[in-house]
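Coordinates as given in data15.cif (mmCIF, C-alpha atoms):
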```cif
data_query
loop_
_atom_site.label_atom_id
_atom_site.label_comp_id
_atom_site.auth_asym_id
_atom_site.auth_seq_id
_atom_site.Cartn_x
_atom_site.Cartn_y
_atom_site.Cartn_z
CA MET V 71 -9.46 -2.31 -40.71
CA LEU V 72 -10.45 0.71 -42.76
CA ASP V 73 -8.83 1.42 -46.09
CA VAL V 74 -7.25 4.76 -45.16
CA SER V 75 -6.40 5.49 -48.80
CA LYS V 76 -10.14 6.12 -49.31
CA ILE V 77 -10.29 8.80 -46.60
CA ASP V 78 -9.73 12.38 -47.76
CA LEU V 79 -7.39 13.58 -45.02
CA THR V 80 -7.44 17.15 -46.36
CA ALA V 81 -11.23 17.55 -46.26
CA PRO V 82 -12.96 19.04 -43.24
CA GLU V 83 -14.70 16.62 -40.91
CA PRO V 84 -18.21 15.92 -42.18
CA PRO V 85 -21.05 17.29 -40.06
CA ILE V 86 -22.49 14.98 -37.45
CA GLU V 87 -26.08 14.01 -38.04
CA PRO V 88 -27.84 13.53 -34.68
CA ARG V 89 -29.46 10.15 -34.25
CA GLU V 90 -31.71 9.05 -31.42
CA VAL V 91 -30.11 6.07 -29.70
CA THR V 92 -31.06 5.15 -26.15
CA GLN V 93 -28.06 4.86 -23.90
CA LEU V 94 -28.61 1.44 -22.32
CA LEU V 95 -25.38 1.54 -20.39
CA GLU V 96 -23.94 4.34 -18.28
CA LEU V 97 -20.46 5.07 -19.65
CA ALA V 98 -17.36 6.88 -18.45
CA THR V 99 -13.75 6.89 -19.60
CA THR V 100 -10.36 6.59 -17.93
CA ARG V 101 -6.92 5.17 -18.57
CA TYR V 102 -5.95 1.63 -17.65
CA GLN V 103 -3.69 2.88 -14.84
CA ASN V 104 -6.54 4.80 -13.18
CA TRP V 105 -9.25 2.14 -13.09
CA ARG V 106 -9.89 0.66 -9.63
CA PRO V 107 -12.00 -2.40 -8.73
CA ASP V 108 -13.86 -0.38 -6.10
CA SER V 109 -14.91 2.23 -8.70
CA GLY V 110 -18.12 0.32 -9.45
CA TYR V 111 -17.39 0.46 -13.19
CA LEU V 112 -16.97 -2.50 -15.50
CA PRO V 113 -13.54 -2.11 -17.15
CA VAL V 114 -13.72 -2.11 -20.97
CA GLY V 115 -10.57 -1.93 -23.06
CA ILE V 116 -10.73 -0.08 -26.36
CA THR V 117 -7.12 -0.48 -27.46
CA VAL V 118 -5.39 -2.48 -30.17
CA GLY V 119 -3.20 -4.36 -27.72
CA ARG V 120 -3.47 -5.57 -24.16
CA PRO V 121 -1.38 -3.59 -21.69
CA ARG V 122 1.33 -5.74 -20.09
CA PHE V 123 1.00 -3.99 -16.74
CA VAL V 124 -2.72 -4.72 -16.31
CA ARG V 125 -3.32 -7.65 -13.97
CA TYR V 126 -7.12 -7.44 -13.89
CA SER V 127 -9.55 -8.91 -16.39
CA TYR V 128 -11.67 -6.62 -18.53
CA GLU V 129 -14.12 -6.67 -21.39
CA SER V 130 -13.10 -5.35 -24.80
CA ILE V 131 -14.69 -3.53 -27.73
CA PRO V 132 -12.22 -3.95 -30.62
CA ALA V 133 -14.31 -1.75 -32.96
CA LEU V 134 -13.48 1.25 -30.73
CA ALA V 135 -9.72 0.59 -30.96
CA PRO V 136 -7.76 2.88 -33.31
CA HIS V 137 -6.33 0.07 -35.46
CA GLU V 138 -5.53 2.32 -38.42
CA LEU V 139 -3.41 4.61 -36.23
CA MET V 140 -1.38 1.77 -34.75
CA ARG V 141 -0.68 -0.30 -37.86
CA GLY V 142 -0.24 0.38 -41.53
CA PRO V 143 0.70 3.62 -43.29
CA LEU V 144 -0.54 5.93 -40.51
CA ALA V 145 1.20 4.19 -37.61
CA ASN V 146 2.92 6.77 -35.42
CA ILE V 147 1.75 9.66 -37.62
CA ASN V 148 1.73 12.12 -34.68
CA ASN V 149 -0.77 14.52 -36.26
CA ILE V 150 -3.85 14.98 -34.07
CA GLU V 151 -5.99 16.47 -36.87
CA ILE V 152 -5.41 13.51 -39.20
CA GLU V 153 -5.71 11.00 -36.35
CA ARG V 154 -9.14 12.43 -35.44
CA LYS V 155 -10.35 12.26 -39.05
CA VAL V 156 -9.29 8.64 -39.37
CA TYR V 157 -10.78 7.66 -36.00
CA PHE V 158 -14.07 9.45 -36.75
CA ALA V 159 -14.20 7.59 -40.07
CA ARG V 160 -13.78 4.36 -38.06
CA LEU V 161 -16.67 5.38 -35.81
CA ARG V 162 -18.91 5.99 -38.82
CA VAL V 163 -18.03 2.68 -40.50
CA TYR V 164 -18.27 0.55 -37.34
CA GLU V 165 -21.16 2.41 -35.69
CA SER V 166 -23.58 -0.53 -35.70
CA GLU V 167 -20.92 -2.92 -34.40
CA ILE V 168 -20.00 -0.49 -31.59
CA LEU V 169 -23.63 -0.01 -30.59
CA ALA V 170 -24.21 -3.78 -30.66
CA ALA V 171 -21.18 -4.34 -28.41
CA LEU V 172 -22.42 -1.73 -25.93
CA GLN V 173 -25.89 -3.28 -26.01
CA GLU V 174 -24.38 -6.72 -25.32
CA LEU V 175 -22.46 -5.35 -22.32
CA ALA V 176 -25.67 -3.79 -21.01
CA ARG V 177 -27.41 -7.15 -21.38
CA ARG V 178 -24.62 -9.12 -19.67
CA TYR V 179 -23.98 -6.57 -16.91
CA PRO V 180 -27.34 -4.97 -16.12
CA ASP V 181 -27.22 -1.98 -13.78
CA THR V 182 -23.40 -1.84 -13.99
CA PRO V 183 -21.82 1.23 -15.55
CA ALA V 184 -18.89 0.65 -17.90
CA CYS V 185 -15.62 2.50 -18.24
CA LEU V 186 -13.96 2.74 -21.67
CA MET V 187 -10.19 2.59 -21.20
CA CYS V 188 -7.05 3.31 -23.17
CA PHE V 189 -3.49 4.36 -22.37
CA GLU V 190 -3.57 8.14 -22.85
CA ASP V 191 -3.18 10.62 -20.02
CA VAL V 192 -5.78 13.29 -20.77
CA ASN V 193 -3.89 15.59 -18.41
CA GLY V 194 -0.77 15.24 -20.58
CA LYS V 195 0.57 17.56 -23.25
CA ASP V 196 -2.25 16.92 -25.77
CA GLY V 197 -5.01 16.85 -23.16
CA PRO V 198 -8.32 15.26 -24.18
CA ASN V 199 -7.68 16.26 -27.82
CA GLY V 200 -5.03 13.55 -28.07
CA CYS V 201 -7.12 10.66 -26.77
CA HIS V 202 -9.42 8.41 -28.79
CA ARG V 203 -11.56 7.48 -25.76
CA ARG V 204 -12.42 11.16 -25.32
CA TRP V 205 -13.00 11.46 -29.09
CA TYR V 206 -15.58 8.69 -28.81
CA ALA V 207 -17.17 10.41 -25.82
CA GLN V 208 -17.36 13.64 -27.82
CA ARG V 209 -18.79 11.92 -30.88
CA ALA V 210 -21.37 9.95 -28.86
CA GLY V 211 -22.42 13.20 -27.21
CA GLU V 212 -22.87 14.99 -30.52
CA ARG V 213 -24.43 12.04 -32.37
CA TYR V 214 -26.62 10.46 -29.67
CA GLY V 215 -26.79 13.08 -26.93
CA TRP V 216 -24.92 10.82 -24.50
CA ASP V 217 -22.89 12.20 -21.60
CA ILE V 218 -19.66 10.22 -21.12
CA PRO V 219 -17.47 11.85 -18.45
CA GLU V 220 -13.82 11.17 -17.71
CA LEU V 221 -13.41 9.61 -14.28
CA PRO V 222 -11.14 11.56 -11.95
CA ASN V 223 -7.62 10.28 -11.44
CA PRO V 224 -7.82 8.39 -8.12
CA ALA V 225 -4.34 9.56 -7.17
CA GLY V 226 -5.15 13.20 -7.93
CA VAL V 227 -2.70 15.33 -9.82
CA ALA V 228 0.84 14.38 -8.97
CA PRO V 229 3.01 17.26 -7.79
CA ALA V 230 6.10 18.12 -9.77
CA ARG V 231 9.18 16.25 -8.62
CA GLN V 232 11.58 18.18 -6.50
CA ALA V 233 14.99 18.67 -8.03
CA LYS V 234 17.68 16.72 -6.23
CA PRO V 235 20.15 18.99 -4.48
CA LYS V 236 23.60 18.94 -5.97
CA PRO V 237 26.15 17.36 -3.67
CA GLU V 238 28.65 19.78 -2.24
CA GLU V 239 32.24 19.54 -3.43
CA PRO V 240 34.41 17.87 -0.81
CA THR V 241 37.01 20.09 0.85
CA LEU V 242 40.29 19.20 2.47
CA PHE V 243 39.73 21.37 5.56
#
```

Rendering of file as structure tokens:
Amino acid sequence: MLDVSKIDLTAPEPPIEPREVTQLLELATTRYQNWRPDSGYLPVGITVGRPRFVRYSYESIPALAPHELMRGPLANINNIEIERKVYFARLRVYESEILAALQELARRYPDTPACLMCFEDVNGKDGPNGCHRRWYAQRAGERYGWDIPELPNPAGVAPARQAKPKPEEPTLF
């Protein structure tokens, strides 16, 4: 885990220096609830914990999990700007480990695209700005030139729930 006391949370994010890294594995992102076995994607968890509701097996890349935001002094901070700075610092520190994990998945599952998964609903109130899987996709795009799309929600966008009608007051006659 990173020592967050050494991260200047008031400083602007440092510029991203492009680096040429061949993308050996086609990547996409989604949330655990949206992944389907028939999607053709290898499921890859990038969270601190295992979701209790998931009944399928999946690979994992712990270096992509936002450990510092789930445990320690920044747990439940609820400040997107600070969360991004801390997560981007994680990506810088663990870059070689992340790339090695992706390379190992490409070796073990040749010709199979992988889907990086977490819990966040990118259609929720914070949108993709509140989701570390999309932050990684953004950073990999800027740093390596990779394109990592979000898979569409297989259920589509759920319509708003209809309000239940109020029961009528009973009358005597």

Inset, instruction - Decode the PyMOL selection byres ((chain V and resi 82) around 12) for the given file into explicit residues and return them as a ChimeraX atom specification. - result: /V:77-81,83-86,151-152,154-156,158-159

Legend entry - Atomic separation - CA of Arg141 (chain V) relative to CA of Ile218 (chain V), Å: 27.4 Å

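In terms of minimum interatomic distance to Ala207 (chain V), V:Glu96 ranks closest within V:Glu167, V:Asp73, V:Glu96, V:Glu129, counting all atoms listed in the file.
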
For region 183-210 of chain V against region 98-113 of chain V, with a cut-off of 7 Å and counting only C-alpha atoms, what is the closest atom pair and its distance in Å to one decimal for every residue that makes the cut, ordered by chain and number, as a Markdown table?
```
| residue | atom | partner | partner_atom | distance |
| --- | --- | --- | --- | --- |
| V:Pro183 | CA | V:Tyr111 | CA | 5.1 |
| V:Ala184 | CA | V:Leu112 | CA | 4.4 |
| V:Cys185 | CA | V:Ala98 | CA | 4.7 |
| V:Leu186 | CA | V:Thr99 | CA | 4.6 |
| V:Met187 | CA | V:Arg101 | CA | 4.9 |
| V:Cys188 | CA | V:Arg101 | CA | 5.0 |
| V:Phe189 | CA | V:Arg101 | CA | 5.2 |
| V:Glu190 | CA | V:Arg101 | CA | 6.2 |
| V:Asp191 | CA | V:Arg101 | CA | 6.8 |
| V:Arg203 | CA | V:Thr99 | CA | 6.6 |
```

Residues near region 170-180 of chain V, cut-off 8 Å, only C-alpha atoms, skip fewer than 3 positions along chain, as a PDB file with C-alpha atoms, in the frame of the given file:
```
ATOM      1  CA  LEU V  94     -28.610   1.440 -22.320  1.00  0.00           C
ATOM      2  CA  LEU V  95     -25.380   1.540 -20.390  1.00  0.00           C
ATOM      3  CA  ILE V 131     -14.690  -3.530 -27.730  1.00  0.00           C
ATOM      4  CA  SER V 166     -23.580  -0.530 -35.700  1.00  0.00           C
ATOM      5  CA  GLU V 167     -20.920  -2.920 -34.400  1.00  0.00           C
TER       6      GLU V 167
END
```

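Between Gly215 (chain V) and the candidates V:Leu161, V:Val91, V:Val114, V:Ala133, the tightest atom-to-atom separation, counting only C-alpha atoms, involves V:Val91.
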
Inset, instruction - Return the single residue from V:Ala210, V:Ser75, V:Leu97, V:Asn146 that is closest to Glu165 (chain V), with distances computed using all atoms listed in the file. - result: V:Ala210

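Each of V:Met71, V:Leu169, V:Glu153, V:Ile147 was checked against Tyr214 (chain V) using all atoms listed in the file; the smallest atom-to-atom distance is that of V:Leu169.
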